[in-house]
Structures are given as C-alpha cells and as structure tokens.
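So this one's work24.csv, CSV, C-alpha atoms:
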```csv
chain,number,residue,atom,x,y,z
A,119,MET,CA,0.0,0.0,0.0
A,120,LEU,CA,2.3,2.8,-1.3
A,121,ASP,CA,1.5,6.4,-0.9
A,122,PRO,CA,4.5,8.7,-1.1
A,123,LYS,CA,2.5,11.5,0.7
A,124,ILE,CA,1.6,9.1,3.5
A,125,PRO,CA,4.7,7.0,3.8
A,126,PHE,CA,3.6,5.6,7.2
A,127,LEU,CA,0.3,4.2,5.9
A,128,GLU,CA,1.6,0.6,5.7
A,129,GLU,CA,2.8,0.8,9.3
A,130,ALA,CA,-0.6,2.1,10.4
A,131,LEU,CA,-2.2,-1.0,8.7
A,132,ASP,CA,0.1,-3.5,10.5
A,133,PRO,CA,-1.7,-4.6,13.7
A,134,ALA,CA,1.6,-5.4,15.5
A,135,LEU,CA,3.1,-2.0,14.7
A,136,ALA,CA,-0.2,-0.3,15.4
A,137,GLN,CA,-0.3,-1.9,18.8
A,138,THR,CA,3.2,-0.6,19.7
A,139,GLN,CA,2.2,2.9,18.5
A,140,LEU,CA,-1.1,3.0,20.4
A,141,GLN,CA,-0.1,1.1,23.5
A,142,SER,CA,0.5,4.2,25.6
A,143,ALA,CA,-2.4,6.1,24.0
A,144,ILE,CA,-5.2,3.6,24.7
A,145,PRO,CA,-5.6,2.7,28.4
A,146,GLY,CA,-6.0,-1.1,28.9
A,147,LEU,CA,-5.1,-2.0,25.3
A,148,THR,CA,-4.3,-5.7,25.2
A,149,GLN,CA,-4.4,-6.5,21.4
A,150,ILE,CA,-5.2,-4.9,18.1
A,151,THR,CA,-6.9,-7.7,16.2
A,152,THR,CA,-7.5,-6.0,12.8
A,153,ALA,CA,-6.4,-2.8,11.0
A,154,ASN,CA,-8.4,-2.2,7.8
A,155,LEU,CA,-8.2,0.6,5.3
A,156,VAL,CA,-11.8,2.0,5.0
A,157,ARG,CA,-11.1,5.0,2.7
A,158,HIS,CA,-8.0,6.3,0.9
A,159,LYS,CA,-7.6,9.4,-1.2
A,160,PRO,CA,-4.0,9.1,-2.4
A,161,GLY,CA,-1.8,12.0,-1.4
A,162,ARG,CA,-4.5,13.5,0.8
A,163,ARG,CA,-6.0,11.3,3.5
A,164,ALA,CA,-6.9,7.8,4.7
A,165,LEU,CA,-9.2,6.3,7.2
A,166,VAL,CA,-8.2,3.1,9.1
A,167,GLU,CA,-10.5,1.0,11.3
A,168,TYR,CA,-9.0,-0.7,14.3
A,169,ARG,CA,-10.7,-3.6,16.1
A,170,ILE,CA,-9.0,-3.8,19.5
A,171,GLU,CA,-9.2,-5.7,22.8
A,172,THR,CA,-8.9,-3.9,26.1
A,173,VAL,CA,-9.2,-5.0,29.7
A,174,ALA,CA,-12.7,-3.5,29.6
A,175,GLY,CA,-13.8,-5.3,26.5
A,176,PRO,CA,-13.6,-4.9,22.7
A,177,LEU,CA,-13.6,-1.5,20.9
A,178,THR,CA,-13.7,-0.4,17.4
A,179,LEU,CA,-11.8,2.8,16.6
A,180,LEU,CA,-11.3,5.0,13.5
A,181,GLY,CA,-8.0,6.6,12.8
A,182,LYS,CA,-8.1,9.6,10.4
A,183,ILE,CA,-4.8,10.3,8.7
A,184,ARG,CA,-4.1,13.6,6.9
A,185,ALA,CA,-1.1,13.7,4.6
A,186,LYS,CA,-0.3,17.4,5.3
A,187,GLY,CA,-0.1,16.9,9.1
A,188,THR,CA,-2.2,16.0,12.2
A,189,ASP,CA,-5.5,17.9,12.2
A,190,VAL,CA,-5.1,19.2,15.7
A,191,ALA,CA,-7.7,22.0,15.2
A,192,SER,CA,-10.5,19.6,14.2
A,193,TYR,CA,-9.6,17.3,17.1
A,194,GLN,CA,-9.8,20.1,19.6
A,195,ILE,CA,-13.2,21.2,18.1
A,196,GLN,CA,-14.5,17.7,18.5
A,197,GLN,CA,-13.3,17.6,22.1
A,198,ALA,CA,-15.0,20.9,22.8
A,199,LEU,CA,-18.3,19.8,21.3
A,200,TRP,CA,-18.1,16.4,23.1
A,201,HIS,CA,-17.7,18.2,26.5
A,202,ASN,CA,-20.4,20.7,25.7
A,203,GLY,CA,-23.6,18.6,25.2
A,204,TRP,CA,-22.6,16.2,22.4
A,205,SER,CA,-21.4,13.2,24.4
A,206,ALA,CA,-22.7,9.6,23.9
A,207,ASP,CA,-25.2,10.0,26.7
A,208,SER,CA,-26.7,13.4,25.8
A,209,ALA,CA,-30.3,13.7,26.9
A,210,ASP,CA,-31.5,14.9,23.5
A,211,ARG,CA,-29.9,11.9,21.7
A,212,PHE,CA,-27.8,14.1,19.5
A,213,SER,CA,-24.2,13.1,19.8
A,214,ILE,CA,-20.8,13.1,18.0
A,215,PRO,CA,-18.1,10.3,18.1
A,216,GLU,CA,-15.8,10.5,21.2
A,217,PRO,CA,-12.4,11.9,20.3
A,218,LEU,CA,-9.8,9.7,22.0
A,219,VAL,CA,-6.2,10.7,21.2
A,220,LEU,CA,-3.7,12.2,18.7
A,221,VAL,CA,-1.1,10.0,17.0
A,222,PRO,CA,1.3,12.7,15.6
A,223,ASP,CA,3.8,10.2,14.2
A,224,TRP,CA,1.1,9.0,11.8
A,225,HIS,CA,-0.7,12.4,11.4
A,226,MET,CA,-3.7,10.6,12.9
A,227,THR,CA,-6.6,11.6,15.1
A,228,LEU,CA,-8.3,8.6,16.8
A,229,GLN,CA,-11.9,8.4,17.7
A,230,ARG,CA,-14.4,5.8,18.8
A,231,LYS,CA,-16.5,4.3,16.0
A,232,VAL,CA,-20.2,4.9,16.5
A,233,PRO,CA,-23.1,2.6,15.4
A,234,GLY,CA,-25.9,3.4,12.9
A,235,ILE,CA,-27.0,3.6,9.3
A,236,PRO,CA,-26.7,6.8,7.2
A,237,ALA,CA,-29.8,9.0,7.1
A,238,THR,CA,-29.5,8.8,3.3
A,239,GLN,CA,-31.0,5.3,3.5
A,240,LEU,CA,-33.9,6.3,5.6
A,241,LEU,CA,-35.0,9.6,4.1
A,242,PRO,CA,-36.9,7.9,1.2
A,243,THR,CA,-38.8,5.6,3.6
A,244,GLU,CA,-41.9,6.4,5.7
A,245,GLN,CA,-39.5,7.6,8.4
A,246,GLY,CA,-38.3,10.4,6.2
A,247,ILE,CA,-40.5,13.3,7.3
A,248,PRO,CA,-40.0,12.8,11.1
A,249,LEU,CA,-36.3,12.2,10.5
A,250,GLY,CA,-36.1,15.4,8.6
A,251,GLN,CA,-37.6,17.2,11.6
A,252,ARG,CA,-35.1,15.6,14.0
A,253,ILE,CA,-32.2,16.5,11.7
A,254,ALA,CA,-33.4,20.2,11.8
A,255,ALA,CA,-33.3,20.1,15.6
A,256,LEU,CA,-29.8,18.6,15.5
A,257,ALA,CA,-28.6,21.4,13.2
A,258,TYR,CA,-30.2,24.0,15.5
A,259,LYS,CA,-28.3,22.5,18.4
A,260,LEU,CA,-25.0,22.6,16.5
A,261,HIS,CA,-25.6,26.2,15.5
A,262,ARG,CA,-26.3,27.1,19.1
A,263,THR,CA,-23.2,25.3,20.4
A,264,SER,CA,-20.6,27.5,18.8
A,265,VAL,CA,-17.0,26.5,19.3
A,266,PRO,CA,-14.2,29.0,18.6
A,267,THR,CA,-12.3,28.4,15.4
A,268,ALA,CA,-10.1,30.4,13.1
A,269,LYS,CA,-11.7,28.8,10.0
A,270,THR,CA,-14.5,30.7,8.3
A,271,HIS,CA,-16.7,30.3,5.2
A,272,SER,CA,-18.6,33.1,3.5
A,273,LEU,CA,-20.7,33.7,0.4
A,274,PRO,CA,-17.7,34.9,-1.6
A,275,ASP,CA,-16.0,31.6,-0.6
A,276,GLU,CA,-18.9,29.6,-1.9
A,277,LEU,CA,-18.9,31.5,-5.2
A,278,ALA,CA,-15.2,31.0,-5.5
A,279,ILE,CA,-15.6,27.3,-5.2
A,280,LEU,CA,-18.1,27.3,-8.1
A,281,ARG,CA,-15.8,29.4,-10.2
A,282,ASP,CA,-13.0,26.9,-9.6
A,283,ARG,CA,-15.0,23.7,-10.1
A,284,LEU,CA,-17.6,24.4,-12.9
A,285,PRO,CA,-15.0,25.2,-15.6
A,286,GLN,CA,-13.8,21.7,-15.1
A,287,VAL,CA,-17.1,20.5,-16.4
A,288,THR,CA,-16.7,22.3,-19.6
A,289,GLU,CA,-13.4,20.5,-20.2
A,290,GLN,CA,-15.5,17.3,-20.5
A,291,HIS,CA,-18.5,18.9,-22.1
A,292,PRO,CA,-17.2,21.9,-24.2
A,293,HIS,CA,-20.7,22.2,-25.8
A,294,TRP,CA,-22.0,23.4,-22.4
A,295,THR,CA,-19.5,26.2,-22.1
A,296,THR,CA,-22.0,29.0,-22.6
A,297,ARG,CA,-24.6,27.4,-20.3
A,298,ILE,CA,-22.0,26.9,-17.5
A,299,GLU,CA,-20.9,30.5,-17.8
A,300,ASN,CA,-24.5,31.7,-17.7
A,301,VAL,CA,-25.1,29.6,-14.6
A,302,LEU,CA,-22.0,31.1,-12.9
A,303,ASN,CA,-23.1,34.6,-13.8
A,304,ALA,CA,-26.6,34.0,-12.5
A,305,CYS,CA,-25.1,32.8,-9.2
A,306,ASP,CA,-23.1,36.0,-8.9
A,307,ARG,CA,-26.1,38.2,-9.7
A,308,LEU,CA,-28.2,36.3,-7.2
A,309,ALA,CA,-25.6,36.8,-4.5
A,310,THR,CA,-25.7,40.6,-4.9
A,311,GLN,CA,-29.4,40.6,-3.9
A,312,PHE,CA,-28.5,39.6,-0.3
A,313,PRO,CA,-27.5,42.0,2.4
A,314,PRO,CA,-24.3,41.5,4.5
A,315,PRO,CA,-24.8,38.4,6.6
A,316,PRO,CA,-25.3,38.5,10.4
A,317,PRO,CA,-22.4,37.5,12.7
A,318,PRO,CA,-21.5,33.9,11.9
A,319,THR,CA,-21.9,30.9,14.2
A,320,GLY,CA,-20.3,27.4,14.2
A,321,ILE,CA,-21.4,25.3,11.2
A,322,HIS,CA,-20.6,21.8,10.0
A,323,ARG,CA,-20.1,23.0,6.4
A,324,ASP,CA,-20.5,19.5,4.9
A,325,PHE,CA,-23.9,18.8,6.3
A,326,TYR,CA,-25.8,16.2,4.4
A,327,ALA,CA,-27.5,12.8,5.1
A,328,ASP,CA,-24.4,10.6,4.9
A,329,GLN,CA,-22.9,12.6,7.8
A,330,ILE,CA,-25.7,11.5,10.2
A,331,LEU,CA,-25.9,8.0,11.5
A,332,ILE,CA,-29.1,6.7,13.0
A,333,ASP,CA,-28.6,4.3,15.9
A,334,ALA,CA,-31.8,2.3,16.3
A,335,SER,CA,-30.5,-0.1,18.9
A,336,ASN,CA,-33.1,1.3,21.4
A,337,PRO,CA,-36.4,1.5,19.4
A,338,GLY,CA,-38.3,4.7,20.0
A,339,GLU,CA,-35.1,6.3,21.4
A,340,GLU,CA,-33.0,6.5,18.3
A,341,ARG,CA,-29.7,8.4,18.7
A,342,LEU,CA,-28.4,10.6,15.9
A,343,TRP,CA,-24.7,10.7,15.5
A,344,LEU,CA,-23.2,13.7,13.6
A,345,VAL,CA,-19.8,12.7,12.1
A,346,ASP,CA,-17.0,14.1,9.9
A,347,LEU,CA,-16.6,17.6,11.6
A,348,ASP,CA,-13.3,18.2,9.7
A,349,LEU,CA,-14.7,21.3,7.9
A,350,TYR,CA,-16.3,22.9,11.0
A,351,CYS,CA,-16.0,26.6,10.8
A,352,LEU,CA,-17.7,29.9,11.4
A,353,GLY,CA,-20.4,30.8,8.8
A,354,SER,CA,-24.1,31.3,8.2
A,355,PRO,CA,-26.3,28.5,9.4
A,356,ALA,CA,-28.1,28.7,6.1
A,357,VAL,CA,-25.0,27.0,4.5
A,358,ASP,CA,-25.8,23.8,6.4
A,359,ILE,CA,-29.5,23.8,5.8
A,360,GLY,CA,-29.3,24.7,2.2
A,361,ASN,CA,-26.5,22.1,1.6
A,362,PHE,CA,-28.6,19.4,3.2
A,363,ILE,CA,-31.8,20.2,1.2
A,364,ALA,CA,-29.8,20.3,-2.1
A,365,HIS,CA,-28.4,16.8,-1.3
A,366,ILE,CA,-31.9,15.5,-0.8
A,367,THR,CA,-32.9,17.0,-4.2
A,368,GLU,CA,-29.9,15.4,-5.9
A,369,GLN,CA,-30.6,12.0,-4.2
A,370,SER,CA,-34.3,12.3,-5.3
A,371,LEU,CA,-33.3,13.0,-8.9
A,372,ARG,CA,-30.7,10.3,-9.1
A,373,GLU,CA,-32.5,7.5,-7.2
A,374,LEU,CA,-36.2,8.2,-7.9
A,375,GLY,CA,-36.0,10.0,-11.3
A,376,ASN,CA,-37.8,13.1,-10.0
A,377,ALA,CA,-36.1,16.0,-8.2
A,378,ALA,CA,-39.3,16.8,-6.3
A,379,ALA,CA,-40.1,13.2,-5.2
A,380,LEU,CA,-38.7,13.9,-1.7
A,381,ARG,CA,-39.9,17.5,-1.5
A,382,ASP,CA,-41.9,16.8,1.6
A,383,ARG,CA,-38.7,15.8,3.4
A,384,GLU,CA,-37.0,19.0,2.4
A,385,VAL,CA,-40.0,21.1,3.6
A,386,ALA,CA,-40.0,19.2,6.9
A,387,LEU,CA,-36.4,20.0,7.5
A,388,ARG,CA,-36.6,23.6,6.3
A,389,GLU,CA,-39.8,24.6,8.1
A,390,THR,CA,-38.8,22.8,11.4
A,391,TYR,CA,-35.5,24.6,11.4
A,392,LEU,CA,-37.1,28.0,10.8
A,393,SER,CA,-39.6,27.3,13.6
A,394,GLN,CA,-36.9,27.0,16.2
A,395,LYS,CA,-36.6,29.7,18.9
A,396,PHE,CA,-33.7,31.7,17.6
A,397,ASP,CA,-31.9,34.4,19.7
A,398,PRO,CA,-29.9,37.3,18.3
A,399,PRO,CA,-27.7,37.6,16.4
A,400,TRP,CA,-29.3,35.1,14.0
A,401,GLY,CA,-33.1,35.0,13.9
A,402,ALA,CA,-35.5,33.1,11.7
A,403,THR,CA,-36.9,35.7,9.3
A,404,ALA,CA,-38.0,36.0,5.7
A,405,THR,CA,-34.4,36.9,4.9
A,406,THR,CA,-33.2,33.7,6.7
A,407,ALA,CA,-35.6,31.6,4.6
A,408,ARG,CA,-34.4,33.2,1.4
A,409,GLU,CA,-30.8,32.7,2.4
A,410,ILE,CA,-31.4,29.0,2.9
A,411,ASP,CA,-32.9,28.9,-0.7
A,412,LEU,CA,-29.8,30.7,-1.9
A,413,TYR,CA,-27.4,28.1,-0.5
A,414,THR,CA,-29.7,25.3,-1.7
A,415,VAL,CA,-29.4,26.4,-5.3
A,416,LEU,CA,-25.6,27.1,-5.0
A,417,THR,CA,-25.2,23.6,-3.7
A,418,LEU,CA,-27.2,22.2,-6.6
A,419,VAL,CA,-24.8,24.0,-9.0
A,420,ARG,CA,-21.9,22.5,-7.2
A,421,HIS,CA,-23.5,19.1,-7.7
A,422,ILE,CA,-23.1,19.6,-11.5
A,423,HIS,CA,-19.3,19.2,-11.0
A,424,ILE,CA,-19.6,16.5,-8.3
A,425,SER,CA,-21.7,14.4,-10.8
A,426,THR,CA,-18.8,14.4,-13.3
A,427,ARG,CA,-16.4,12.9,-10.7
A,428,ILE,CA,-18.5,9.9,-9.8
A,429,PRO,CA,-19.1,7.5,-12.7
A,430,SER,CA,-22.6,6.4,-11.4
A,431,ARG,CA,-23.7,10.0,-11.3
A,432,ARG,CA,-22.6,11.1,-14.8
A,433,PRO,CA,-25.9,10.2,-16.5
A,434,TYR,CA,-27.5,13.0,-14.3
A,435,THR,CA,-25.1,15.8,-15.1
A,436,GLU,CA,-27.3,17.5,-17.7
A,437,ALA,CA,-30.4,17.1,-15.6
A,438,LEU,CA,-28.6,18.9,-12.7
A,439,LEU,CA,-27.5,21.6,-15.1
A,440,SER,CA,-31.1,22.1,-16.3
A,441,LEU,CA,-32.5,22.1,-12.8
A,442,SER,CA,-29.9,24.6,-11.7
A,443,GLU,CA,-30.8,26.9,-14.6
A,444,THR,CA,-34.5,26.7,-13.8
A,445,ARG,CA,-34.0,27.3,-10.1
A,446,LEU,CA,-31.6,30.3,-10.6
A,447,ALA,CA,-34.0,31.9,-13.1
A,448,ASN,CA,-36.9,31.5,-10.7
A,449,MET,CA,-35.0,33.1,-7.8
A,450,LEU,CA,-33.8,36.0,-9.9
A,451,GLU,CA,-37.4,36.7,-11.0
A,452,GLN,CA,-38.6,36.9,-7.4
```
Please express the file's structure as structure tokens.
Amino acid sequence: MLDPKIPFLEEALDPALAQTQLQSAIPGLTQITTANLVRHKPGRRALVEYRIETVAGPLTLLGKIRAKGTDVASYQIQQALWHNGWSADSADRFSIPEPLVLVPDWHMTLQRKVPGIPATQLLPTEQGIPLGQRIAALAYKLHRTSVPTAKTHSLPDELAILRDRLPQVTEQHPHWTTRIENVLNACDRLATQFPPPPPPTGIHRDFYADQILIDASNPGEERLWLVDLDLYCLGSPAVDIGNFIAHITEQSLRELGNAAALRDREVALRETYLSQKFDPPWGATATTAREIDLYTVLTLVRHIHISTRIPSRRPYTEALLSLSETRLANMLEQ
C-alpha cells in the first residue's frame, strides 16, 4: 500500500506495529486484532478501522490520517463539542463520536466508531419526514453550540468554489461552455441581492445525510450521530440547511428519477429549522428563509461538478444543469 505522501500508511495498517504505537495512548489495550483501510484518497488522507481488545472489552476505533499533518484543530473542536452537550449519553440523543487521542507520528486523530446507518438510506422511507424534523433540531443544536475556530466560510468563498469547479465540467463537455458561464453569472447576480450576513456561528459546512448515522438499537429512542466535523468553521447556518436540502434533491433526482419526489422531506427539514426559537444575532426571518434557498441552489450548482467525478452519477449531469438553470431563473425573478 504505497502512498508517497503518507509513507507511514503501511505501518498504520500493520496490527503489530499499530499496537506498539497505540499502547500508551489507549488505556488497557491488550491487542489490536485487525487494522483495515476504510477509505483512501492518495496523497491526501486515509481512514483506518481498528478492532481492539482492552481489559474493559472490545472496541472499534477509527483513525483519520491527513497527509499534510495531524489535524489538531479539528480534534480540539470535536473535544469541545463532546464536552459541551454532544457526548454519547446526551439527553436529546444528538451526539458526536468521542475523540480519543492524537497520534502525531502518523498524522492521525483517533476516535471511537459509532453505530448506525446513514440517514441517506432512511429519508426515502416512511421515516423520512419525522427524520427530517429531527435533523433540523440537530442542526439547530449545533448552531447554538458555537466553538471558537479560526476557519470561516462566506458567500464569496462559496462562489469562488463554483468558479473553480464548474469550468472543469466544460473540459469534459465543451458544448456546455455557454450554459455553464451563464449559470455562474446567475449565481453572482443572485448573491448581490443579499445584504451583508449576520455574525457567523459554528457550522458543519459539509452537512448532508451521509454525515448523520441513525442508531436504532433502542427502538423509540434512536440516537443521531453527527460525524466528519473536519470542515467545522464559522459561517451562516443557512449554509448547512441549504446544503442538506440540495443533497436530498440530488438524491431524489438520481434514485427516484424526480427531483421533487422527496420535496416533503425538504420542507419538513426547512420549516422545522425555521420554527426554532432563535436568539440574536441570527433570527429566523423571511431573509433567513431566502438565504437557505440561496445556499440550496448554489449547492445544486456544485453538484453539477460532483456528478462528473462519480461514474454512477454522470448520467445525471445535464439534468442537474437544467435544474440549476431553472432554479436560478426563478429566484432571480422573485
């Protein structure tokens, strides 16, 4: 398993070497039974699953490796959230995985693996609407539990991502060059209609259904686990809600052949979130609702590029382009 940017990856996947490395970090560790590579983006990052035995019983851990160095900031954010209402026994049943330790030699952060199935699988089922409502409450909790961070994300940042990614689509589909440029110009024009945003709060910034695991081991008391907080930053809460809704739309288009098939789930999420009791500086107003709609359409535009990177999604690229054109035109007319 060679990766010149992660030269220690083979060591991290060797149970004997991993046991030596983690012995002092994990109290009561007696044996690492398996070390499996779960994900790997060569030159960037890797995710390793460890099954271990301890004096207190078996555990499953996830080690996140980042090629450019240990992600200390994200680890500290996760620690702060864990100790501020997001632990495994939180009364509201909204939790994050427990951060355990840093392993600097391997640029690794180690956390406990949590149980559950992705919300993506449940949204199209009869559980979809109440699940959307609970996810809105989870997002509200996150936005009220702001943790200090130097990272920020703004509307100009969002537009810059689109300006960077969408031209890559025209390299594969040069006949769409004019349409892509018109979409980007429409995004810019739409953004000018919005006033300066309120002071930011903590946001997930990659908030969609795969990032929420539903643990149904206690029927009627399902726990929702929010995972992958690596992009946590300060920004508008509308980023998270709009991003989540756009992912539902894309899933609906791709899996059900109709972008509006799961519209009731989107409405449940959006309206439940807007009904929460907000305090200054960010209150649920008509402007808030429209800002959510803005980030929803910008995320749909970003999905045009995402679809070209995943072979199974390429058949839907033009449908996403057409949908984005229609949504942008409708918003500009309002």
Problem set entry | Distance query Thr417 of chain A at most 8 Å, all atoms listed in the file, self and fewer than 2 positions along chain excluded, as a PyMOL selection string | chain A and resi 360-361+364-365+413-415+419-421
Next, dump the selected residues to file, keeping only C-alpha atoms, as a PDB file, in the coordinates of the input.
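Contents of again_7.pdb, freshly written:
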```
ATOM      1  CA  GLY A 360     -29.300  24.700   2.200  1.00  0.00           C
ATOM      2  CA  ASN A 361     -26.500  22.100   1.600  1.00  0.00           C
ATOM      3  CA  ALA A 364     -29.800  20.300  -2.100  1.00  0.00           C
ATOM      4  CA  HIS A 365     -28.400  16.800  -1.300  1.00  0.00           C
ATOM      5  CA  TYR A 413     -27.400  28.100  -0.500  1.00  0.00           C
ATOM      6  CA  THR A 414     -29.700  25.300  -1.700  1.00  0.00           C
ATOM      7  CA  VAL A 415     -29.400  26.400  -5.300  1.00  0.00           C
ATOM      8  CA  VAL A 419     -24.800  24.000  -9.000  1.00  0.00           C
ATOM      9  CA  ARG A 420     -21.900  22.500  -7.200  1.00  0.00           C
ATOM     10  CA  HIS A 421     -23.500  19.100  -7.700  1.00  0.00           C
TER      11      HIS A 421
END
```
For this session: For atom CA of Leu179 of chain A and atom CA of Pro217 of chain A, determine how far apart the two atoms are, in Å to one decimal place.
Result: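 Atom CA of Pro217 of chain A lies 9.8 Å from atom CA of Leu179 of chain A.
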Exercise. If you count all atoms listed in the file, which residues fall within 6 Å of segment 316-319 of chain A, apart from same-chain ones fewer than 6 positions away, as number ranges by chain?
Worked result: A: 264, 352-354
Hey, could you make a per-residue contact list for segment 348-397 of chain A against segment 230-253 of chain A with 10 Å as the cut-off, showing the nearest pair of atoms and its distance in Å to one decimal, counting all atoms listed in the file, sorted by chain and number, as CSV?
```
residue,atom,partner,partner_atom,distance
A:Ile359,CA,A:Ile253,CA,9.8
A:Phe362,CA,A:Ile253,CA,9.7
A:Ile363,CA,A:Gly250,CA,9.8
A:His365,CA,A:Thr238,CA,9.3
A:Ile366,CA,A:Thr238,CA,8.2
A:Gln369,CA,A:Thr238,CA,8.2
A:Ser370,CA,A:Pro242,CA,8.3
A:Glu373,CA,A:Pro242,CA,9.5
A:Leu374,CA,A:Pro242,CA,9.1
A:Ala379,CA,A:Pro242,CA,8.9
A:Leu380,CA,A:Pro242,CA,6.9
A:Arg381,CA,A:Ile247,CA,9.8
A:Asp382,CA,A:Ile247,CA,6.8
A:Arg383,CA,A:Ile247,CA,5.0
A:Glu384,CA,A:Gly250,CA,7.2
A:Val385,CA,A:Gly250,CA,8.5
A:Ala386,CA,A:Gln251,CA,5.6
A:Leu387,CA,A:Gly250,CA,4.7
A:Arg388,CA,A:Gln251,CA,8.4
A:Glu389,CA,A:Gln251,CA,8.5
A:Thr390,CA,A:Gln251,CA,5.7
A:Tyr391,CA,A:Gln251,CA,7.7
```
Exercise. Could you work out how far atom CA of Glu216 of chain A lies from atom CA of Thr172 of chain A, giving the answer in Å with one decimal?
Worked result: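 Atom CA of Glu216 of chain A lies at a distance of 16.7 Å from atom CA of Thr172 of chain A.
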Skipping near chain neighbours, those fewer than 5 positions away, what residues fall within 12 Å of Gln286 of chain A using all atoms listed in the file, listed as a short mmCIF file (atom, residue, chain, number, x, y, z; two decimals) with C-alpha atoms, keeping the file's coordinate frame?
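Once everything was written out, this is selection-v5.cif:
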```cif
data_model
loop_
_atom_site.label_atom_id
_atom_site.label_comp_id
_atom_site.auth_asym_id
_atom_site.auth_seq_id
_atom_site.Cartn_x
_atom_site.Cartn_y
_atom_site.Cartn_z
CA ILE A 279 -15.60 27.30 -5.20
CA LEU A 280 -18.10 27.30 -8.10
CA ARG A 281 -15.80 29.40 -10.20
CA HIS A 291 -18.50 18.90 -22.10
CA PRO A 292 -17.20 21.90 -24.20
CA TRP A 294 -22.00 23.40 -22.40
CA THR A 295 -19.50 26.20 -22.10
CA ILE A 298 -22.00 26.90 -17.50
CA GLU A 299 -20.90 30.50 -17.80
CA ARG A 420 -21.90 22.50 -7.20
CA ILE A 422 -23.10 19.60 -11.50
CA HIS A 423 -19.30 19.20 -11.00
CA ILE A 424 -19.60 16.50 -8.30
CA SER A 425 -21.70 14.40 -10.80
CA THR A 426 -18.80 14.40 -13.30
CA ARG A 427 -16.40 12.90 -10.70
#
```
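You can rank A:Leu147, A:Ile332, A:Ala206, A:Ile183 by their closest distance to Ile170 of chain A using only C-alpha atoms, and at the top of that list sits A:Leu147.
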For this session: Determine the nearest neighbour of Arg184 of chain A from the options A:Pro145, A:Pro160, A:Gly203, A:Pro266, counting only C-alpha atoms.
Result: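 The answer is A:Pro160, which sits nearest to Arg184 of chain A.
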Neighbours of Arg262 of chain A within 9 Å (only C-alpha atoms; same-chain residues fewer than 2 positions away dropped), as an mmCIF file with C-alpha atoms, keeping the file's coordinate frame?
```cif
data_model
loop_
_atom_site.group_PDB
_atom_site.id
_atom_site.type_symbol
_atom_site.label_atom_id
_atom_site.label_comp_id
_atom_site.auth_asym_id
_atom_site.auth_seq_id
_atom_site.Cartn_x
_atom_site.Cartn_y
_atom_site.Cartn_z
ATOM 1 C CA ALA A 257 -28.600 21.400 13.200
ATOM 2 C CA TYR A 258 -30.200 24.000 15.500
ATOM 3 C CA LYS A 259 -28.300 22.500 18.400
ATOM 4 C CA LEU A 260 -25.000 22.600 16.500
ATOM 5 C CA SER A 264 -20.600 27.500 18.800
ATOM 6 C CA THR A 319 -21.900 30.900 14.200
ATOM 7 C CA GLY A 320 -20.300 27.400 14.200
ATOM 8 C CA PHE A 396 -33.700 31.700 17.600
#
```
For this session: Please indicate the distance in Å from atom CA of Ile195 of chain A to atom CA of Val221 of chain A, rounded to one decimal place.
Result: 16.5 Å
Problem set entry | Residue nearest Arg211 of chain A - candidates A:Cys351, A:Leu165, A:Ala255, A:Val173, atoms counted: all atoms listed in the file |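 Checking each of A:Cys351, A:Leu165, A:Ala255, A:Val173 against Arg211 of chain A, counting all atoms listed in the file, the winner is A:Ala255.
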Exercise. Nearest to Ala268 of chain A: which of A:Ala191, A:Val166, A:Ala447, A:Ile214 is it, counting all atoms listed in the file?
Worked result: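 Going through A:Ala191, A:Val166, A:Ala447, A:Ile214 one by one, the smallest distance to Ala268 of chain A is for A:Ala191.
If all atoms listed in the file are the atoms counted, then among A:Leu441, A:Ile428, A:Ile330, A:Leu446 the closest residue to Asn303 of chain A is A:Leu446.
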